[in-house]
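Colleague: Below is structure.cif; it holds mmCIF, C-alpha atoms.
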data_entry
#
loop_
_atom_site.label_atom_id
_atom_site.label_comp_id
_atom_site.auth_asym_id
_atom_site.auth_seq_id
_atom_site.Cartn_x
_atom_site.Cartn_y
_atom_site.Cartn_z
CA MET A 1 -19.49 -58.54 85.96
CA ALA A 2 -16.60 -57.78 88.30
CA ASP A 3 -17.07 -55.15 90.98
CA ALA A 4 -17.96 -51.89 89.22
CA GLY A 5 -17.68 -48.46 90.78
CA VAL A 6 -17.25 -44.73 90.33
CA HIS A 7 -14.52 -42.82 92.13
CA THR A 8 -12.83 -39.44 92.02
CA ALA A 9 -9.90 -39.64 89.63
CA THR A 10 -6.44 -38.98 91.05
CA ALA A 11 -3.05 -38.23 89.57
CA ALA A 12 -2.38 -41.98 89.58
CA ASP A 13 -5.25 -42.40 87.06
CA LEU A 14 -4.00 -39.76 84.65
CA SER A 15 -2.25 -42.05 82.17
CA GLU A 16 -5.32 -44.31 81.86
CA ILE A 17 -7.67 -41.35 81.39
CA VAL A 18 -5.45 -39.91 78.66
CA ARG A 19 -5.15 -43.35 77.00
CA ILE A 20 -8.92 -43.95 77.07
CA HIS A 21 -9.59 -40.48 75.65
CA ARG A 22 -7.12 -40.80 72.80
CA GLU A 23 -7.85 -44.41 71.83
CA THR A 24 -11.63 -44.07 72.05
CA TRP A 25 -11.71 -40.86 70.02
CA ARG A 26 -9.37 -42.34 67.40
CA LEU A 27 -11.72 -45.27 67.03
CA ALA A 28 -15.07 -43.47 67.30
CA TYR A 29 -14.23 -40.31 65.35
CA ALA A 30 -11.87 -41.59 62.63
CA GLU A 31 -14.53 -40.77 60.03
CA LEU A 32 -15.29 -37.33 61.48
CA LEU A 33 -11.88 -35.87 62.29
CA PRO A 34 -8.65 -35.69 60.32
CA PRO A 35 -5.79 -37.88 61.62
CA GLU A 36 -3.72 -34.85 62.66
CA VAL A 37 -6.53 -33.65 64.94
CA LEU A 38 -6.84 -37.07 66.55
CA GLU A 39 -3.07 -37.20 67.04
CA ALA A 40 -3.07 -33.80 68.78
CA LEU A 41 -5.76 -34.48 71.37
CA ASP A 42 -5.61 -32.77 74.75
CA THR A 43 -2.26 -32.86 76.43
CA ASP A 44 -1.51 -34.65 79.65
CA GLU A 45 -1.22 -31.19 81.25
CA ALA A 46 -4.84 -30.31 80.45
CA TRP A 47 -6.01 -33.60 81.92
CA ALA A 48 -3.79 -33.12 84.97
CA LEU A 49 -5.50 -29.78 85.69
CA ALA A 50 -8.97 -31.30 85.32
CA VAL A 51 -8.08 -34.21 87.62
CA GLN A 52 -6.44 -31.88 90.15
CA SER A 53 -9.58 -29.70 90.26
CA GLY A 54 -11.71 -32.74 91.16
CA ALA A 55 -13.81 -32.46 87.99
CA VAL A 56 -13.02 -35.99 86.76
CA LEU A 57 -14.65 -39.17 88.00
CA LYS A 58 -13.45 -42.56 86.83
CA ALA A 59 -15.45 -45.74 86.23
CA THR A 60 -13.81 -48.95 87.31
CA GLU A 61 -14.52 -52.60 86.77
CA GLY A 62 -12.40 -54.73 89.00
CA GLU A 63 -8.92 -53.28 88.85
CA TRP A 64 -9.44 -51.55 85.48
CA VAL A 65 -10.24 -47.91 84.75
CA VAL A 66 -12.85 -48.24 81.99
CA GLY A 67 -14.18 -44.72 81.50
CA PHE A 68 -14.55 -41.25 82.93
CA VAL A 69 -16.76 -38.20 83.13
CA VAL A 70 -15.65 -34.59 83.34
CA ALA A 71 -18.30 -32.53 85.13
CA SER A 72 -18.23 -28.94 86.33
CA LYS A 73 -20.14 -25.68 86.20
CA ALA A 74 -20.72 -24.78 82.57
CA PRO A 75 -18.82 -21.72 81.35
CA ASP A 76 -21.11 -18.97 80.03
CA GLU A 77 -19.98 -19.50 76.43
CA GLU A 78 -21.03 -23.17 76.60
CA VAL A 79 -24.50 -22.53 78.04
CA ALA A 80 -25.37 -19.39 76.02
CA LYS A 81 -28.33 -19.44 73.69
CA ALA A 82 -27.75 -19.24 69.94
CA ASP A 83 -28.15 -15.44 70.10
CA GLY A 84 -25.44 -15.21 72.77
CA SER A 85 -27.75 -14.41 75.66
CA LEU A 86 -27.66 -16.46 78.83
CA PRO A 87 -30.63 -18.51 79.99
CA GLU A 88 -32.06 -17.80 83.44
CA ASP A 89 -30.46 -20.95 84.85
CA ALA A 90 -26.95 -20.26 83.47
CA ALA A 91 -25.47 -20.02 86.97
CA THR A 92 -26.78 -23.49 87.87
CA THR A 93 -26.02 -25.30 84.61
CA ALA A 94 -23.30 -27.96 84.54
CA LEU A 95 -21.24 -29.19 81.59
CA LEU A 96 -20.60 -32.93 81.31
CA SER A 97 -18.57 -35.09 78.98
CA VAL A 98 -18.63 -38.86 79.45
CA LEU A 99 -16.50 -41.46 77.74
CA VAL A 100 -16.35 -45.22 78.23
CA GLU A 101 -13.86 -47.38 76.39
CA PRO A 102 -15.85 -49.33 73.75
CA ARG A 103 -14.77 -52.78 74.95
CA TRP A 104 -16.37 -51.94 78.33
CA GLY A 105 -19.51 -50.41 76.82
CA ARG A 106 -23.11 -51.48 77.40
CA ARG A 107 -22.33 -52.51 81.00
CA GLY A 108 -23.81 -49.47 82.78
CA HIS A 109 -20.53 -47.61 83.34
CA GLY A 110 -21.64 -44.45 81.50
CA THR A 111 -24.90 -44.25 83.41
CA ARG A 112 -23.15 -44.81 86.75
CA LEU A 113 -20.63 -42.09 85.90
CA VAL A 114 -23.32 -39.58 85.02
CA ALA A 115 -25.45 -40.55 88.03
CA GLU A 116 -22.58 -39.87 90.44
CA ALA A 117 -21.57 -36.69 88.64
CA VAL A 118 -25.08 -35.24 88.73
CA ARG A 119 -25.46 -36.23 92.38
CA ARG A 120 -22.32 -34.30 93.24
CA LEU A 121 -23.27 -31.37 91.02
CA GLY A 122 -26.70 -31.24 92.65
CA GLU A 123 -25.01 -30.83 96.02
CA THR A 124 -23.37 -27.66 94.68
CA GLY A 125 -26.69 -26.20 93.48
CA ALA A 126 -26.58 -27.29 89.84
CA THR A 127 -30.04 -27.89 88.36
CA ARG A 128 -29.46 -28.74 84.70
CA GLY A 129 -26.77 -30.39 82.62
CA ILE A 130 -25.54 -29.88 79.08
CA ALA A 131 -23.19 -31.81 76.83
CA TRP A 132 -21.88 -31.22 73.31
CA VAL A 133 -22.01 -34.21 70.98
CA PRO A 134 -20.92 -34.50 67.35
CA GLU A 135 -24.11 -34.54 65.31
CA ALA A 136 -22.99 -37.72 63.52
CA ASP A 137 -22.30 -39.55 66.82
CA LYS A 138 -25.58 -41.42 67.11
CA ALA A 139 -24.35 -43.69 69.92
CA SER A 140 -23.58 -40.75 72.22
CA ARG A 141 -26.79 -38.95 71.31
CA ASN A 142 -28.77 -42.13 72.08
CA PHE A 143 -26.95 -42.47 75.42
CA TYR A 144 -27.97 -38.98 76.50
CA GLU A 145 -31.52 -39.50 75.23
CA ARG A 146 -31.84 -42.59 77.43
CA LEU A 147 -30.92 -40.31 80.35
CA GLY A 148 -33.76 -37.97 79.40
CA TRP A 149 -31.53 -35.36 77.77
CA THR A 150 -32.54 -33.98 74.38
CA GLY A 151 -31.20 -31.58 71.82
CA ASP A 152 -32.03 -28.03 72.85
CA GLY A 153 -31.77 -26.62 69.32
CA THR A 154 -28.29 -25.15 69.74
CA VAL A 155 -25.59 -26.25 67.31
CA ARG A 156 -22.04 -25.17 66.70
CA THR A 157 -19.52 -25.91 64.01
CA LEU A 158 -15.92 -26.34 65.05
CA ASP A 159 -12.89 -26.15 62.81
CA ALA A 160 -11.38 -29.61 63.15
CA GLY A 161 -8.14 -29.23 61.24
CA GLY A 162 -9.80 -27.59 58.27
CA ARG A 163 -12.77 -29.94 58.37
CA PRO A 164 -16.03 -28.66 59.89
CA LEU A 165 -17.36 -30.65 62.83
CA ARG A 166 -20.98 -29.92 63.65
CA GLU A 167 -21.99 -30.50 67.27
CA VAL A 168 -25.41 -30.44 68.89
CA ARG A 169 -25.99 -29.46 72.49
CA VAL A 170 -28.09 -31.82 74.56
CA SER A 171 -29.62 -30.74 77.81
CA GLY A 172 -31.51 -32.32 80.64
CA PRO A 173 -32.31 -32.46 84.31
CA LEU A 174 -29.72 -33.56 86.83
CA GLU A 175 -31.67 -36.68 87.66
CA VAL A 176 -30.44 -40.12 86.70
CA ARG A 177 -32.05 -43.32 87.89
CA LEU A 178 -29.98 -46.44 87.95
CA ALA A 179 -31.66 -49.70 87.02
CA ASP A 180 -32.02 -52.10 89.92
#
As structure tokens - that is how I would like this structure written.
Modeller:
Amino acid sequence: MADAGVHTATAADLSEIVRIHRETWRLAYAELLPPEVLEALDTDEAWALAVQSGAVLKATEGEWVVGFVVASKAPDEEVAKADGSLPEDAATTALLSVLVEPRWGRRGHGTRLVAEAVRRLGETGATRGIAWVPEADKASRNFYERLGWTGDGTVRTLDAGGRPLREVRVSGPLEVRLAD
């Protein structure tokens, strides 16, 4: 494998991050989401704000950007229990979303991304991470399970262009060990 790494994304990476997001979702979620939802994915402006805030890390292999993770303090509405109350650790819970382009999958990029994100989040006092995953996305759920994250019993149903999309919240410690 060529030199692989994780770096803070910059404005110069924006077009690749947007491309990876759109193409990967169109491939992975074609069965779950209507075409019009996939066509209207987040705008470049939303990604530009996330990159500018320093919340996006990119995975590279050689000269290629192959994936990314968005990681930041979890907003209260994302970490709330099913009854709407906040858990005791709400102030130290982080929200992560990781995506690696399928052709670069199974090469450790996702784990490296999460490992670096949780290391940085830990430096800011974060103690636990959460992520929302479509219930039908077994590959992503398996990825988080390999990291030691499990479903915490919280689900939500989003309106995806008139089609319900059920998501499960996975949660786990901010500890990731990389294989030697």
Colleague: Determine the nearest neighbour of His109 in chain A from the options A:Ala55, A:Ile130, A:Ala40, A:Val69, counting all atoms listed in the file.
Modeller: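 Using all atoms listed in the file, His109 in chain A sits closest to A:Val69.
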Colleague: For range 136-142 of chain A, find every residue with an atom within 10 Å (counting all atoms listed in the file), except residues of its own chain fewer than 5 positions away, and show them as a PyMOL selection string.
Modeller: chain A and resi 28-29+31-32+98-99+131+147-151+165-170
Colleague: What would the selection look like, as number ranges by chain, if the PyMOL selection byres ((chain A and resi 36) around 12) were run on the coordinates I just shared?
Modeller: A: 26, 30, 32-35, 37-41, 160-163
Colleague: List the neighbours of Val66 in chain A out to 12 Å using all atoms listed in the file; skip same-chain residues closer than 2 positions along the sequence, and give me the result as a ChimeraX atom specification.
Modeller: /A:4-7,9,13,16-21,23-24,57-64,68-69,98-110,112-113
Colleague: Check which residues satisfy the PyMOL selection byres ((chain A and resi 72) around 9) in the file shown, then give them as an NGL selection string.
Modeller: :A and (54-56 or 70-71 or 73-75 or 93-96 or 117 or 121)
Colleague: Rounded to one decimal in Å, what is the spacing between CA of Glu145 in chain A and CA of Thr8 in chain A?
Modeller: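 Between these atoms lies a distance of 25.1 Å.
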Colleague: Can you measure CA of Thr127 in chain A to CA of Glu88 in chain A for me? One decimal in Å is fine.
Modeller: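 That distance, rounded to one decimal, is 11.4 Å.
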Colleague: How big is the axis-aligned box around the listed atoms of range 161-166 of chain A once 3 Å is added on each side, and where is its centre? Give both in Å to one decimal, as AutoDock Vina command-line options.
Modeller:
--center_x -14.6 --center_y -29.1 --center_z 61.0 --size_x 18.8 --size_y 9.1 --size_z 11.4
Colleague: Hey, can you check how far CA of Ala126 in chain A sits from CA of Tyr144 in chain A?
Modeller: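 Atom-to-atom, CA of Ala126 in chain A to CA of Tyr144 in chain A, that is 17.8 Å.
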Colleague: Any chance you could resolve the PyMOL selection byres ((chain A and resi 11) around 8) against this file and give the residues as a list of chain:residue names?
Modeller: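 On the file shown, the PyMOL selection byres ((chain A and resi 11) around 8) covers A:Ala9, A:Thr10, A:Ala12, A:Asp13, A:Leu14, A:Ala48, A:Val51, A:Gln52.
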Colleague: Choose the residue, out of A:Glu175, A:Asp152, A:Asp89, A:Asp83, that has the smallest atom-to-atom separation from Arg120 in chain A; count only C-alpha atoms.
Modeller: A:Glu175
Colleague: Lys81 in chain A: which residues within 7 Å, counting only C-alpha atoms, same-chain residues fewer than 5 positions away excluded, as an NGL selection string?
Modeller: :A and (86-87 or 154)
Colleague: As an mmCIF file, in the frame of the given file, please: range 6-22 of chain A completed to N, CA, C and O atoms.
Modeller:
data_model
loop_
_atom_site.group_PDB
_atom_site.id
_atom_site.type_symbol
_atom_site.label_atom_id
_atom_site.label_comp_id
_atom_site.auth_asym_id
_atom_site.auth_seq_id
_atom_site.Cartn_x
_atom_site.Cartn_y
_atom_site.Cartn_z
ATOM 1 N N VAL A 6 -17.588 -46.070 90.797
ATOM 2 C CA VAL A 6 -17.250 -44.730 90.330
ATOM 3 C C VAL A 6 -16.508 -44.047 91.466
ATOM 4 O O VAL A 6 -16.973 -44.069 92.610
ATOM 5 N N HIS A 7 -15.375 -43.451 91.136
ATOM 6 C CA HIS A 7 -14.520 -42.820 92.130
ATOM 7 C C HIS A 7 -13.936 -41.536 91.572
ATOM 8 O O HIS A 7 -13.806 -41.387 90.351
ATOM 9 N N THR A 8 -13.533 -40.649 92.448
ATOM 10 C CA THR A 8 -12.830 -39.440 92.020
ATOM 11 C C THR A 8 -11.482 -39.854 91.438
ATOM 12 O O THR A 8 -10.751 -40.630 92.044
ATOM 13 N N ALA A 9 -11.177 -39.340 90.265
ATOM 14 C CA ALA A 9 -9.900 -39.640 89.630
ATOM 15 C C ALA A 9 -8.774 -38.920 90.374
ATOM 16 O O ALA A 9 -8.968 -37.818 90.885
ATOM 17 N N THR A 10 -7.623 -39.559 90.412
ATOM 18 C CA THR A 10 -6.440 -38.980 91.050
ATOM 19 C C THR A 10 -5.309 -38.918 90.033
ATOM 20 O O THR A 10 -5.423 -39.455 88.925
ATOM 21 N N ALA A 11 -4.216 -38.317 90.451
ATOM 22 C CA ALA A 11 -3.050 -38.230 89.570
ATOM 23 C C ALA A 11 -2.587 -39.611 89.112
ATOM 24 O O ALA A 11 -2.091 -39.760 88.004
ATOM 25 N N ALA A 12 -2.783 -40.620 89.946
ATOM 26 C CA ALA A 12 -2.380 -41.980 89.580
ATOM 27 C C ALA A 12 -3.203 -42.532 88.404
ATOM 28 O O ALA A 12 -2.776 -43.472 87.733
ATOM 29 N N ASP A 13 -4.369 -41.955 88.142
ATOM 30 C CA ASP A 13 -5.250 -42.400 87.060
ATOM 31 C C ASP A 13 -5.003 -41.664 85.749
ATOM 32 O O ASP A 13 -5.600 -42.003 84.722
ATOM 33 N N LEU A 14 -4.173 -40.658 85.778
ATOM 34 C CA LEU A 14 -4.000 -39.760 84.650
ATOM 35 C C LEU A 14 -3.626 -40.485 83.358
ATOM 36 O O LEU A 14 -4.232 -40.242 82.308
ATOM 37 N N SER A 15 -2.678 -41.387 83.410
ATOM 38 C CA SER A 15 -2.250 -42.050 82.170
ATOM 39 C C SER A 15 -3.371 -42.882 81.567
ATOM 40 O O SER A 15 -3.516 -42.931 80.346
ATOM 41 N N GLU A 16 -4.196 -43.519 82.390
ATOM 42 C CA GLU A 16 -5.320 -44.310 81.860
ATOM 43 C C GLU A 16 -6.405 -43.407 81.278
ATOM 44 O O GLU A 16 -7.000 -43.737 80.254
ATOM 45 N N ILE A 17 -6.664 -42.283 81.908
ATOM 46 C CA ILE A 17 -7.670 -41.350 81.390
ATOM 47 C C ILE A 17 -7.222 -40.813 80.030
ATOM 48 O O ILE A 17 -8.004 -40.789 79.067
ATOM 49 N N VAL A 18 -5.977 -40.413 79.928
ATOM 50 C CA VAL A 18 -5.450 -39.910 78.660
ATOM 51 C C VAL A 18 -5.503 -41.015 77.599
ATOM 52 O O VAL A 18 -5.923 -40.780 76.457
ATOM 53 N N ARG A 19 -5.120 -42.232 77.948
ATOM 54 C CA ARG A 19 -5.150 -43.350 77.000
ATOM 55 C C ARG A 19 -6.569 -43.621 76.515
ATOM 56 O O ARG A 19 -6.804 -43.758 75.313
ATOM 57 N N ILE A 20 -7.521 -43.683 77.444
ATOM 58 C CA ILE A 20 -8.920 -43.950 77.070
ATOM 59 C C ILE A 20 -9.433 -42.847 76.151
ATOM 60 O O ILE A 20 -10.076 -43.123 75.130
ATOM 61 N N HIS A 21 -9.145 -41.595 76.486
ATOM 62 C CA HIS A 21 -9.590 -40.480 75.650
ATOM 63 C C HIS A 21 -9.037 -40.599 74.241
ATOM 64 O O HIS A 21 -9.792 -40.572 73.261
ATOM 65 N N ARG A 22 -7.740 -40.755 74.133
ATOM 66 C CA ARG A 22 -7.120 -40.800 72.800
ATOM 67 C C ARG A 22 -7.568 -42.016 71.995
ATOM 68 O O ARG A 22 -7.968 -41.887 70.844
#
